[in-house]
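Student: Sharing work_14.cif below, mmCIF, C-alpha atoms:
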```cif
data_upload
loop_
_atom_site.group_PDB
_atom_site.id
_atom_site.type_symbol
_atom_site.label_atom_id
_atom_site.label_comp_id
_atom_site.auth_asym_id
_atom_site.auth_seq_id
_atom_site.Cartn_x
_atom_site.Cartn_y
_atom_site.Cartn_z
ATOM 1 C CA MET A 23 -42.525 -2.757 217.752
ATOM 2 C CA GLN A 24 -45.972 -3.397 216.285
ATOM 3 C CA PHE A 25 -47.373 -2.264 212.940
ATOM 4 C CA SER A 26 -51.016 -1.688 212.159
ATOM 5 C CA PRO A 27 -52.425 -3.563 209.134
ATOM 6 C CA GLY A 28 -52.481 -0.273 207.207
ATOM 7 C CA CYS A 29 -48.788 0.278 207.888
ATOM 8 C CA LEU A 30 -47.935 -3.223 206.708
ATOM 9 C CA VAL A 31 -49.783 -2.640 203.467
ATOM 10 C CA LEU A 32 -47.854 0.618 202.942
ATOM 11 C CA VAL A 33 -44.491 -1.037 203.629
ATOM 12 C CA PHE A 34 -45.359 -3.913 201.294
ATOM 13 C CA SER A 35 -46.398 -1.522 198.526
ATOM 14 C CA LEU A 36 -43.129 0.423 198.806
ATOM 15 C CA PHE A 37 -41.084 -2.680 198.154
ATOM 16 C CA HIS A 38 -43.435 -4.331 195.691
ATOM 17 C CA SER A 39 -44.720 -1.420 193.661
ATOM 18 C CA ALA A 40 -45.704 -1.990 190.065
ATOM 19 C CA PRO A 41 -42.810 -1.596 187.624
ATOM 20 C CA ARG A 42 -42.503 1.866 186.126
ATOM 21 C CA ALA A 43 -43.089 2.460 182.479
ATOM 22 C CA PRO A 44 -39.804 2.083 180.610
ATOM 23 C CA ALA A 45 -37.990 5.401 180.591
ATOM 24 C CA THR A 46 -36.448 6.730 177.416
ATOM 25 C CA VAL A 47 -33.990 9.204 178.936
ATOM 26 C CA VAL A 48 -31.769 7.004 181.066
ATOM 27 C CA GLU A 49 -28.720 7.262 183.300
ATOM 28 C CA ASN A 50 -27.108 4.389 181.456
ATOM 29 C CA PHE A 51 -27.983 2.678 178.180
ATOM 30 C CA ASN A 52 -27.794 -0.651 180.050
ATOM 31 C CA HIS A 53 -30.724 0.375 182.244
ATOM 32 C CA VAL A 54 -33.318 -0.402 179.587
ATOM 33 C CA GLU A 55 -33.683 -3.922 178.273
ATOM 34 C CA ARG A 56 -32.471 -4.302 174.664
ATOM 35 C CA CYS A 57 -31.416 -0.653 174.475
ATOM 36 C CA LYS A 58 -27.759 -1.669 174.371
ATOM 37 C CA ASP A 59 -28.448 -3.985 171.404
ATOM 38 C CA SER A 60 -27.690 -0.954 169.225
ATOM 39 C CA LEU A 61 -24.110 -0.837 170.545
ATOM 40 C CA TYR A 62 -21.159 -3.067 169.655
ATOM 41 C CA MET A 63 -20.628 -5.431 172.600
ATOM 42 C CA GLY A 64 -23.379 -3.480 174.366
ATOM 43 C CA THR A 65 -20.869 -0.712 175.056
ATOM 44 C CA PRO A 66 -21.296 2.991 174.165
ATOM 45 C CA PRO A 67 -18.392 5.157 172.985
ATOM 46 C CA ARG A 68 -15.967 5.729 175.845
ATOM 47 C CA GLY A 69 -14.488 9.034 176.938
ATOM 48 C CA ILE A 70 -17.204 11.527 175.929
ATOM 49 C CA ILE A 71 -17.727 13.996 178.770
ATOM 50 C CA ASP A 72 -21.475 13.892 179.181
ATOM 51 C CA ALA A 73 -22.406 15.596 182.460
ATOM 52 C CA LYS A 74 -24.834 17.941 180.663
ATOM 53 C CA LEU A 75 -25.889 15.461 177.992
ATOM 54 C CA LYS A 76 -28.908 13.156 177.912
ATOM 55 C CA LYS A 77 -28.809 9.470 177.027
ATOM 56 C CA ILE A 78 -31.893 8.623 174.986
ATOM 57 C CA CYS A 79 -32.988 5.070 174.370
ATOM 58 C CA GLN A 80 -35.026 5.788 171.249
ATOM 59 C CA ARG A 81 -38.290 3.910 171.767
ATOM 60 C CA TYR A 82 -40.954 3.590 169.110
ATOM 61 C CA ALA A 83 -44.038 1.338 169.325
ATOM 62 C CA ASP A 84 -42.880 0.122 172.758
ATOM 63 C CA LYS A 85 -39.518 -1.161 171.545
ATOM 64 C CA PRO A 86 -36.000 0.320 171.730
ATOM 65 C CA ARG A 87 -34.769 1.099 168.203
ATOM 66 C CA PHE A 88 -31.401 2.871 168.641
ATOM 67 C CA VAL A 89 -29.608 5.170 171.087
ATOM 68 C CA THR A 90 -28.708 8.859 171.024
ATOM 69 C CA LEU A 91 -26.474 11.022 173.169
ATOM 70 C CA TYR A 92 -28.288 14.355 173.118
ATOM 71 C CA ASP A 93 -27.288 17.898 174.018
ATOM 72 C CA PRO A 94 -30.415 19.734 175.277
ATOM 73 C CA GLN A 95 -28.568 23.083 175.329
ATOM 74 C CA LYS A 96 -27.504 22.876 171.673
ATOM 75 C CA ARG A 97 -30.718 20.957 170.854
ATOM 76 C CA ILE A 98 -28.947 18.454 168.628
ATOM 77 C CA PRO A 99 -27.577 14.939 169.085
ATOM 78 C CA VAL A 100 -23.880 14.466 169.802
ATOM 79 C CA TYR A 101 -24.205 11.055 168.177
ATOM 80 C CA SER A 102 -26.697 8.341 167.342
ATOM 81 C CA ALA A 103 -25.645 4.688 167.476
ATOM 82 C CA TYR A 104 -27.527 1.895 165.738
ATOM 83 C CA SER A 105 -27.273 -1.551 164.241
ATOM 84 C CA PHE A 106 -27.352 -1.595 160.465
ATOM 85 C CA LYS A 107 -30.110 -3.634 158.806
ATOM 86 C CA LYS A 108 -29.758 -4.930 155.264
ATOM 87 C CA THR A 109 -32.069 -2.999 153.027
ATOM 88 C CA GLU A 110 -32.777 -1.977 149.444
ATOM 89 C CA GLY A 111 -32.083 1.619 150.400
ATOM 90 C CA ASP A 112 -35.320 3.199 149.205
ATOM 91 C CA ARG A 113 -36.234 6.406 151.041
ATOM 92 C CA ARG A 114 -39.601 6.991 152.659
ATOM 93 C CA VAL A 115 -41.074 10.448 153.022
ATOM 94 C CA ASP A 116 -44.440 9.779 154.638
ATOM 95 C CA TYR A 117 -43.345 9.186 158.242
ATOM 96 C CA PRO A 118 -44.374 11.895 160.725
ATOM 97 C CA TRP A 119 -41.709 13.906 162.540
ATOM 98 C CA MET A 120 -41.538 13.169 166.253
ATOM 99 C CA TYR A 121 -40.186 14.607 169.483
ATOM 100 C CA GLU A 122 -38.998 13.149 172.798
ATOM 101 C CA PRO A 123 -41.416 13.794 175.701
ATOM 102 C CA GLN A 124 -38.981 12.320 178.225
ATOM 103 C CA LEU A 125 -36.601 15.253 177.797
ATOM 104 C CA ALA A 126 -39.189 17.468 179.463
ATOM 105 C CA GLU A 127 -41.171 15.156 181.755
ATOM 106 C CA VAL A 128 -40.885 11.759 183.369
ATOM 107 C CA ASP A 129 -44.406 10.436 182.823
ATOM 108 C CA GLY A 130 -45.691 8.689 179.729
ATOM 109 C CA ASN A 131 -44.735 5.290 178.334
ATOM 110 C CA GLY A 132 -41.269 6.195 177.077
ATOM 111 C CA ASN A 133 -42.174 6.307 173.375
ATOM 112 C CA MET A 134 -41.328 9.164 171.037
ATOM 113 C CA LEU A 135 -44.459 10.979 169.861
ATOM 114 C CA PRO A 136 -45.512 12.766 166.656
ATOM 115 C CA PHE A 137 -45.537 16.539 166.885
ATOM 116 C CA PRO A 138 -49.077 17.770 167.567
ATOM 117 C CA THR A 139 -50.677 20.008 164.965
ATOM 118 C CA GLY A 140 -51.405 22.726 167.514
ATOM 119 C CA TYR A 141 -49.349 24.500 170.133
ATOM 120 C CA LEU A 142 -46.450 22.597 171.670
ATOM 121 C CA HIS A 143 -45.835 23.444 175.304
ATOM 122 C CA MET A 144 -42.843 25.696 175.911
ATOM 123 C CA LYS A 145 -41.154 23.139 178.174
ATOM 124 C CA PHE A 146 -40.600 20.911 175.138
ATOM 125 C CA GLU A 147 -39.055 23.778 173.182
ATOM 126 C CA ASP A 148 -36.669 24.418 176.064
ATOM 127 C CA SER A 149 -35.209 20.916 175.931
ATOM 128 C CA GLN A 150 -35.137 20.070 172.212
ATOM 129 C CA ALA A 151 -35.580 21.304 168.672
ATOM 130 C CA VAL A 152 -39.086 21.615 167.256
ATOM 131 C CA LEU A 153 -40.365 21.814 163.692
ATOM 132 C CA ASP A 154 -40.512 25.627 163.739
ATOM 133 C CA ASP A 155 -36.736 25.704 164.200
ATOM 134 C CA TYR A 156 -36.325 24.216 160.731
ATOM 135 C CA SER A 157 -39.305 25.810 158.964
ATOM 136 C CA ASP A 158 -37.704 29.069 157.783
ATOM 137 C CA VAL A 159 -34.089 28.039 157.222
ATOM 138 C CA VAL A 160 -33.624 27.494 153.505
ATOM 139 C CA LEU A 161 -29.909 26.735 153.798
ATOM 140 C CA TYR A 162 -30.354 23.622 155.917
ATOM 141 C CA GLU A 163 -31.938 20.198 155.671
ATOM 142 C CA ARG A 164 -32.897 17.969 158.573
ATOM 143 C CA GLY A 165 -30.004 15.525 158.403
ATOM 144 C CA HIS A 166 -30.489 12.105 159.983
ATOM 145 C CA LEU A 167 -27.606 10.634 161.970
ATOM 146 C CA ASN A 168 -29.323 7.242 161.869
ATOM 147 C CA PRO A 169 -30.689 7.351 158.297
ATOM 148 C CA ASP A 170 -33.877 5.541 157.406
ATOM 149 C CA GLN A 171 -32.218 3.788 154.465
ATOM 150 C CA HIS A 172 -29.938 1.936 156.901
ATOM 151 C CA GLN A 173 -33.020 0.277 158.425
ATOM 152 C CA SER A 174 -35.464 -2.248 156.965
ATOM 153 C CA ASP A 175 -38.311 -2.766 159.447
ATOM 154 C CA PRO A 176 -40.998 -0.080 158.965
ATOM 155 C CA HIS A 177 -41.005 0.720 162.690
ATOM 156 C CA ASP A 178 -37.213 0.987 162.768
ATOM 157 C CA ARG A 179 -37.384 3.350 159.810
ATOM 158 C CA ALA A 180 -40.166 5.434 161.313
ATOM 159 C CA SER A 181 -38.173 5.819 164.534
ATOM 160 C CA THR A 182 -35.396 7.681 162.712
ATOM 161 C CA TYR A 183 -37.797 10.593 162.131
ATOM 162 C CA THR A 184 -37.350 12.128 165.562
ATOM 163 C CA LEU A 185 -35.748 15.547 165.722
ATOM 164 C CA THR A 186 -33.486 14.177 168.461
ATOM 165 C CA ASN A 187 -31.810 12.152 165.658
ATOM 166 C CA VAL A 188 -31.432 15.192 163.388
ATOM 167 C CA VAL A 189 -28.901 17.994 162.861
ATOM 168 C CA PRO A 190 -28.996 20.986 160.492
ATOM 169 C CA GLU A 191 -27.005 20.003 157.414
ATOM 170 C CA ILE A 192 -26.201 22.364 154.555
ATOM 171 C CA ARG A 193 -28.564 21.361 151.773
ATOM 172 C CA GLU A 194 -25.843 20.811 149.149
ATOM 173 C CA PHE A 195 -23.906 18.609 151.573
ATOM 174 C CA ASN A 196 -26.953 16.648 152.737
ATOM 175 C CA ILE A 197 -28.294 15.742 149.295
ATOM 176 C CA GLY A 198 -24.845 15.382 147.731
ATOM 177 C CA PRO A 199 -21.672 13.980 149.335
ATOM 178 C CA TRP A 200 -23.229 12.788 152.583
ATOM 179 C CA ARG A 201 -26.159 10.981 150.985
ATOM 180 C CA GLU A 202 -23.762 9.356 148.521
ATOM 181 C CA HIS A 203 -21.590 8.164 151.410
ATOM 182 C CA GLU A 204 -24.580 6.711 153.286
ATOM 183 C CA GLU A 205 -25.478 4.782 150.144
ATOM 184 C CA ARG A 206 -21.870 3.618 149.654
ATOM 185 C CA ILE A 207 -21.790 2.251 153.214
ATOM 186 C CA ARG A 208 -25.222 0.647 152.776
ATOM 187 C CA VAL A 209 -24.057 -1.265 149.698
ATOM 188 C CA ARG A 210 -20.735 -2.261 151.302
ATOM 189 C CA LEU A 211 -22.322 -3.597 154.480
ATOM 190 C CA ASN A 212 -25.149 -5.262 152.543
ATOM 191 C CA ASN A 213 -22.666 -7.147 150.384
ATOM 192 C CA TYR A 214 -19.724 -7.894 152.648
ATOM 193 C CA CYS A 215 -20.800 -7.780 156.313
ATOM 194 C CA ARG A 216 -21.978 -11.278 157.241
ATOM 195 C CA GLY A 217 -22.855 -10.539 160.857
ATOM 196 C CA THR A 218 -24.216 -7.393 162.487
ATOM 197 C CA ALA A 219 -22.678 -4.031 161.693
ATOM 198 C CA PHE A 220 -22.782 -1.334 164.349
ATOM 199 C CA ILE A 221 -22.615 2.330 163.341
ATOM 200 C CA VAL A 222 -21.997 5.501 165.340
ATOM 201 C CA THR A 223 -22.607 8.833 163.596
ATOM 202 C CA GLY A 224 -22.089 12.216 165.199
ATOM 203 C CA VAL A 225 -21.065 15.845 164.800
ATOM 204 C CA THR A 226 -18.707 18.531 166.036
ATOM 205 C CA THR A 227 -19.766 22.136 166.627
ATOM 206 C CA THR A 228 -18.011 25.495 166.856
ATOM 207 C CA GLY A 229 -20.761 27.763 168.178
ATOM 208 C CA HIS A 230 -22.825 28.628 165.088
ATOM 209 C CA MET A 231 -26.557 28.470 165.797
ATOM 210 C CA ILE A 232 -29.900 28.696 164.028
ATOM 211 C CA ARG A 233 -31.859 31.648 165.420
ATOM 212 C CA ARG A 234 -35.626 31.867 165.795
ATOM 213 C CA ASN A 235 -37.503 34.807 167.313
ATOM 214 C CA ASN A 236 -34.159 36.404 168.167
ATOM 215 C CA GLN A 237 -33.136 33.377 170.221
ATOM 216 C CA TYR A 238 -30.263 31.001 169.604
ATOM 217 C CA ARG A 239 -32.028 27.703 169.082
ATOM 218 C CA VAL A 240 -30.154 24.894 167.296
ATOM 219 C CA ALA A 241 -26.419 24.308 166.905
ATOM 220 C CA ILE A 242 -25.103 23.947 163.347
ATOM 221 C CA PRO A 243 -22.495 21.180 162.984
ATOM 222 C CA GLU A 244 -19.037 22.035 161.732
ATOM 223 C CA ASP A 245 -18.142 18.423 160.909
ATOM 224 C CA VAL A 246 -20.180 15.260 160.443
ATOM 225 C CA TRP A 247 -18.460 11.954 161.218
ATOM 226 C CA THR A 248 -19.365 8.285 161.190
ATOM 227 C CA ALA A 249 -17.776 4.910 161.921
ATOM 228 C CA TYR A 250 -18.840 1.292 161.579
ATOM 229 C CA CYS A 251 -17.741 -1.982 163.151
ATOM 230 C CA CYS A 252 -18.408 -5.408 161.582
ATOM 231 C CA THR A 253 -16.192 -8.201 162.883
ATOM 232 C CA ASP A 254 -17.870 -10.975 160.865
ATOM 233 C CA TYR A 255 -17.181 -10.047 157.241
ATOM 234 C CA ASP A 256 -16.422 -11.715 153.926
ATOM 235 C CA ARG A 257 -12.697 -12.401 153.977
ATOM 236 C CA ASN A 258 -12.819 -13.305 150.266
ATOM 237 C CA SER A 259 -13.982 -9.829 149.320
ATOM 238 C CA PRO A 260 -11.836 -7.699 146.972
ATOM 239 C CA HIS A 261 -8.757 -6.193 148.572
ATOM 240 C CA GLU A 262 -10.031 -2.620 148.304
ATOM 241 C CA VAL A 263 -13.085 -3.716 150.306
ATOM 242 C CA ARG A 264 -11.295 -6.026 152.739
ATOM 243 C CA ILE A 265 -8.995 -3.265 153.986
ATOM 244 C CA ARG A 266 -12.114 -1.381 155.144
ATOM 245 C CA PHE A 267 -13.027 -4.136 157.611
ATOM 246 C CA PRO A 268 -13.610 -4.811 160.431
ATOM 247 C CA SER A 269 -13.941 -1.057 160.970
ATOM 248 C CA GLN A 270 -13.810 2.152 159.000
ATOM 249 C CA ALA A 271 -14.675 5.799 159.582
ATOM 250 C CA ALA A 272 -15.469 8.897 157.557
ATOM 251 C CA LEU A 273 -15.360 12.630 158.105
ATOM 252 C CA ALA A 274 -16.697 15.640 156.201
ATOM 253 C CA LYS A 275 -17.288 19.365 156.535
ATOM 254 C CA ASN A 276 -20.910 20.453 156.801
ATOM 255 C CA ALA A 277 -20.457 23.062 154.100
ATOM 256 C CA LYS A 278 -21.670 24.159 150.678
ATOM 257 C CA GLU A 279 -18.207 23.679 149.175
ATOM 258 C CA GLY A 280 -15.182 21.682 150.272
ATOM 259 C CA ASN A 281 -17.544 19.076 151.664
ATOM 260 C CA MET A 282 -15.998 15.890 150.278
ATOM 261 C CA VAL A 283 -16.343 12.838 152.534
ATOM 262 C CA HIS A 284 -12.964 11.382 153.500
ATOM 263 C CA GLU A 285 -12.768 7.737 154.531
ATOM 264 C CA ILE A 286 -10.234 7.283 157.337
ATOM 265 C CA THR A 287 -9.409 4.770 160.047
ATOM 266 C CA VAL A 288 -11.405 4.821 163.271
ATOM 267 C CA GLN A 289 -8.219 5.680 165.167
ATOM 268 C CA ASP A 290 -7.587 8.698 162.927
ATOM 269 C CA LEU A 291 -11.171 9.826 163.510
ATOM 270 C CA GLU A 292 -10.772 9.453 167.274
ATOM 271 C CA ASN A 293 -7.576 11.518 167.157
ATOM 272 C CA PHE A 294 -9.403 14.223 165.203
ATOM 273 C CA LEU A 295 -12.350 14.253 167.627
ATOM 274 C CA LYS A 296 -9.982 14.712 170.586
ATOM 275 C CA THR A 297 -9.154 18.137 169.144
ATOM 276 C CA ARG A 298 -12.763 19.100 168.317
ATOM 277 C CA MET A 299 -15.019 17.669 171.035
ATOM 278 C CA ASP A 300 -15.262 17.675 174.813
ATOM 279 C CA VAL A 301 -13.734 14.233 175.219
ATOM 280 C CA GLU A 302 -11.071 12.516 177.266
ATOM 281 C CA GLN A 303 -7.825 11.211 175.821
ATOM 282 C CA ASN A 304 -9.058 7.620 176.175
ATOM 283 C CA LEU A 305 -11.837 8.216 173.623
ATOM 284 C CA GLN A 306 -12.848 4.913 172.033
ATOM 285 C CA LEU A 307 -15.807 4.652 169.666
ATOM 286 C CA PHE A 308 -15.976 0.838 169.710
ATOM 287 C CA TYR A 309 -15.219 -1.561 172.541
ATOM 288 C CA ASP A 310 -11.669 -2.927 172.271
ATOM 289 C CA ASN A 311 -11.294 -0.987 168.998
ATOM 290 C CA CYS A 312 -13.568 -3.452 167.159
ATOM 291 C CA ILE A 313 -10.858 -6.104 167.183
ATOM 292 C CA SER A 314 -11.859 -8.825 164.745
ATOM 293 C CA PRO A 315 -11.551 -12.400 166.002
ATOM 294 C CA SER A 316 -9.462 -13.992 163.250
ATOM 295 C CA PRO A 317 -10.118 -17.596 162.164
ATOM 296 C CA LEU A 318 -6.471 -17.913 161.118
ATOM 297 C CA PRO A 319 -3.442 -18.706 163.310
ATOM 298 C CA LEU A 320 -1.159 -15.805 164.122
ATOM 299 C CA TYR A 321 1.543 -16.712 161.596
ATOM 300 C CA LEU A 322 -0.994 -16.385 158.750
ATOM 301 C CA HIS A 323 -2.435 -13.006 159.761
ATOM 302 C CA HIS A 324 -0.359 -11.223 157.111
ATOM 303 C CA THR A 325 -2.264 -13.064 154.397
ATOM 304 C CA ILE A 326 -5.600 -11.502 155.317
#
```
Could you write out this structure as structure tokens?

Tutor:
Amino acid sequence: MQFSPGCLVLVFSLFHSAPRAPATVVENFNHVERCKDSLYMGTPPRGIIDAKLKKICQRYADKPRFVTLYDPQKRIPVYSAYSFKKTEGDRRVDYPWMYEPQLAEVDGNGNMLPFPTGYLHMKFEDSQAVLDDYSDVVLYERGHLNPDQHQSDPHDRASTYTLTNVVPEIREFNIGPWREHEERIRVRLNNYCRGTAFIVTGVTTTGHMIRRNNQYRVAIPEDVWTAYCCTDYDRNSPHEVRIRFPSQAALAKNAKEGNMVHEITVQDLENFLKTRMDVEQNLQLFYDNCISPSPLPLYLHHTI
């Protein structure tokens, strides 16, 4: 069989085409270089049934910043996972809110984009929340799952201001117990985590929705939960701190009252989520349960 020169060029181009722009919505977090750096051992939570969910590698300024498992039907994240960066904890308010073009189209360079000042095409509204969804709801704040005060680099902080990282949180809960807990974890990890801490923060829902123009638009979380894993920590820390390593979780009601944040073990959180989320019985938030490699021989483990 003979090929014409034109055919050979076509065959060559099919196998040697230019690399595509890095996608943000991916089949697997491992498919984008450095995307899995936000996950402990490069491994996402196991056992979440995600057939209808979207895996977002949150890219800002051409670099992956954190990952989100997103529900385009409820228009909120199921969870965001990120690596904690030591920071002074000051809050910035001058970053623009952004959206995720890749939820609605496959072109572009994979970066999140600021909301335009004019009309946003309906196809974006179909796949994710937009600013109008939050504009007339006085009861709720835009609650970050990956909060800016857990990041230090300005680009990392700016990247948290995408609505795909946000859920509607009752105002009193957002500015009260939950913000206090985020600060408590920031101080604890700043002071006692020597290596990298990995955090997963997510929500449960029960069907309540924000309505706009007589349409159900954005799911309102029933519970907000979070867990961290830091295997390299200060083993000389006070006992009340040391017992909260290498991992710890927290759970709270997204409510005006009765919204106290309860610190619990990661296993207790996983058991709770099995009754509240569409997950399998092998649910595991951190690879190998964030087992800490101990520097001590087995017979001395009880002294830790």

Student: Find the residues around region 277-294 of chain A up to 7 Å (all atoms listed in the file counted), leave out those fewer than 5 positions away in its own chain, and share them as a list in words.

Tutor: Ile192, Glu194, Phe195, Pro199, Trp200, Ala249, Ser269, Gln270, Ala271, Ala272, Leu305 and Gln306 of chain A

Student: Starting from the shown file, work through the PyMOL selection byres ((chain A and resi 310) around 12) and note down what comes out as a list of chain:residue names.

Tutor: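 With the PyMOL selection byres ((chain A and resi 310) around 12) on this model, the match is A:Tyr62, A:Met63, A:Gly64, A:Thr65, A:Pro66, A:Pro67, A:Arg68, A:Cys251, A:Thr253, A:Ser269, A:Val288, A:Gln289, A:Asn304, A:Leu305, A:Gln306, A:Leu307, A:Phe308, A:Tyr309, A:Asn311, A:Cys312, A:Ile313, A:Ser314, A:Pro315.
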
Student: For Ala103 (chain A), which residue out of A:Arg266, A:Arg164, A:Lys58, A:Arg234 is the nearest one, using all atoms listed in the file?

Tutor: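 Ranked by minimum distance to Ala103 (chain A), first place goes to A:Lys58.
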
Student: Find the spatial neighbours of Asn187 (chain A), counting all atoms listed in the file, within a cut-off of 12 Å - ignore same-chain residues fewer than 6 positions away - and output them as a PyMOL selection string.

Tutor: chain A and resi 78-80+87-93+97-104+119-122+134+150-151+164-170+179-181+222-225

Student: Once the PyMOL selection byres ((chain A and resi 70) around 7) is applied to the coordinates I shared, what remains selected? I want it as a PyMOL selection string.

Tutor: chain A and resi 68-69+71-72+300-302+305

Student: Taking C-alpha atoms for each residue, export the selection above as a PDB file, keeping the file's coordinate frame.

Tutor:
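Below is the file that was written, again23.pdb:
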```
ATOM      1  CA  ARG A  68     -15.967   5.729 175.845  1.00  0.00           C
ATOM      2  CA  GLY A  69     -14.488   9.034 176.938  1.00  0.00           C
ATOM      3  CA  ILE A  71     -17.727  13.996 178.770  1.00  0.00           C
ATOM      4  CA  ASP A  72     -21.475  13.892 179.181  1.00  0.00           C
ATOM      5  CA  ASP A 300     -15.262  17.675 174.813  1.00  0.00           C
ATOM      6  CA  VAL A 301     -13.734  14.233 175.219  1.00  0.00           C
ATOM      7  CA  GLU A 302     -11.071  12.516 177.266  1.00  0.00           C
ATOM      8  CA  LEU A 305     -11.837   8.216 173.623  1.00  0.00           C
TER       9      LEU A 305
END
```

Student: Please evaluate the PyMOL selection byres ((chain A and resi 276) around 6) against the structure above and give the resulting residues as a PyMOL selection string.

Tutor: chain A and resi 244-245+275+277

Student: Write the residues of the preceding selection, restricted to C-alpha atoms, as an mmCIF file, in the frame of the given file.

Tutor:
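As written to disk, selection.cif reads:
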```
data_model
loop_
_atom_site.group_PDB
_atom_site.id
_atom_site.type_symbol
_atom_site.label_atom_id
_atom_site.label_comp_id
_atom_site.auth_asym_id
_atom_site.auth_seq_id
_atom_site.Cartn_x
_atom_site.Cartn_y
_atom_site.Cartn_z
ATOM 1 C CA GLU A 244 -19.037 22.035 161.732
ATOM 2 C CA ASP A 245 -18.142 18.423 160.909
ATOM 3 C CA LYS A 275 -17.288 19.365 156.535
ATOM 4 C CA ALA A 277 -20.457 23.062 154.100
#
```

Student: Which residue gives the smallest distance to Val209 (chain A) among A:Pro123, A:Pro138, A:Pro86, A:Gly111, with all atoms listed in the file counted?

Tutor: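 Closest residue, counting all atoms listed in the file: A:Gly111.
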
Student: With all atoms listed in the file as the atoms that count, which of A:Asp155, A:Glu127, A:Glu163, A:Asp254 lies nearest to Val47 (chain A)?

Tutor: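 Among the listed residues, the smallest separation from Val47 (chain A) belongs to A:Glu127.
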
Student: May I ask for the distance between CA of Gly229 (chain A) and CA of Leu295 (chain A), given in Å to one decimal place?

Tutor: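 A separation of 15.9 Å between them.
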
Student: For Pro260 (chain A), list every protein, DNA or RNA residue within 12 Å, evaluated using all atoms listed in the file, and leave out those in the same chain fewer than 5 positions away; present the list as a VMD selection string.

Tutor: chain A and resid 210 213 to 214 255 265 to 267 326
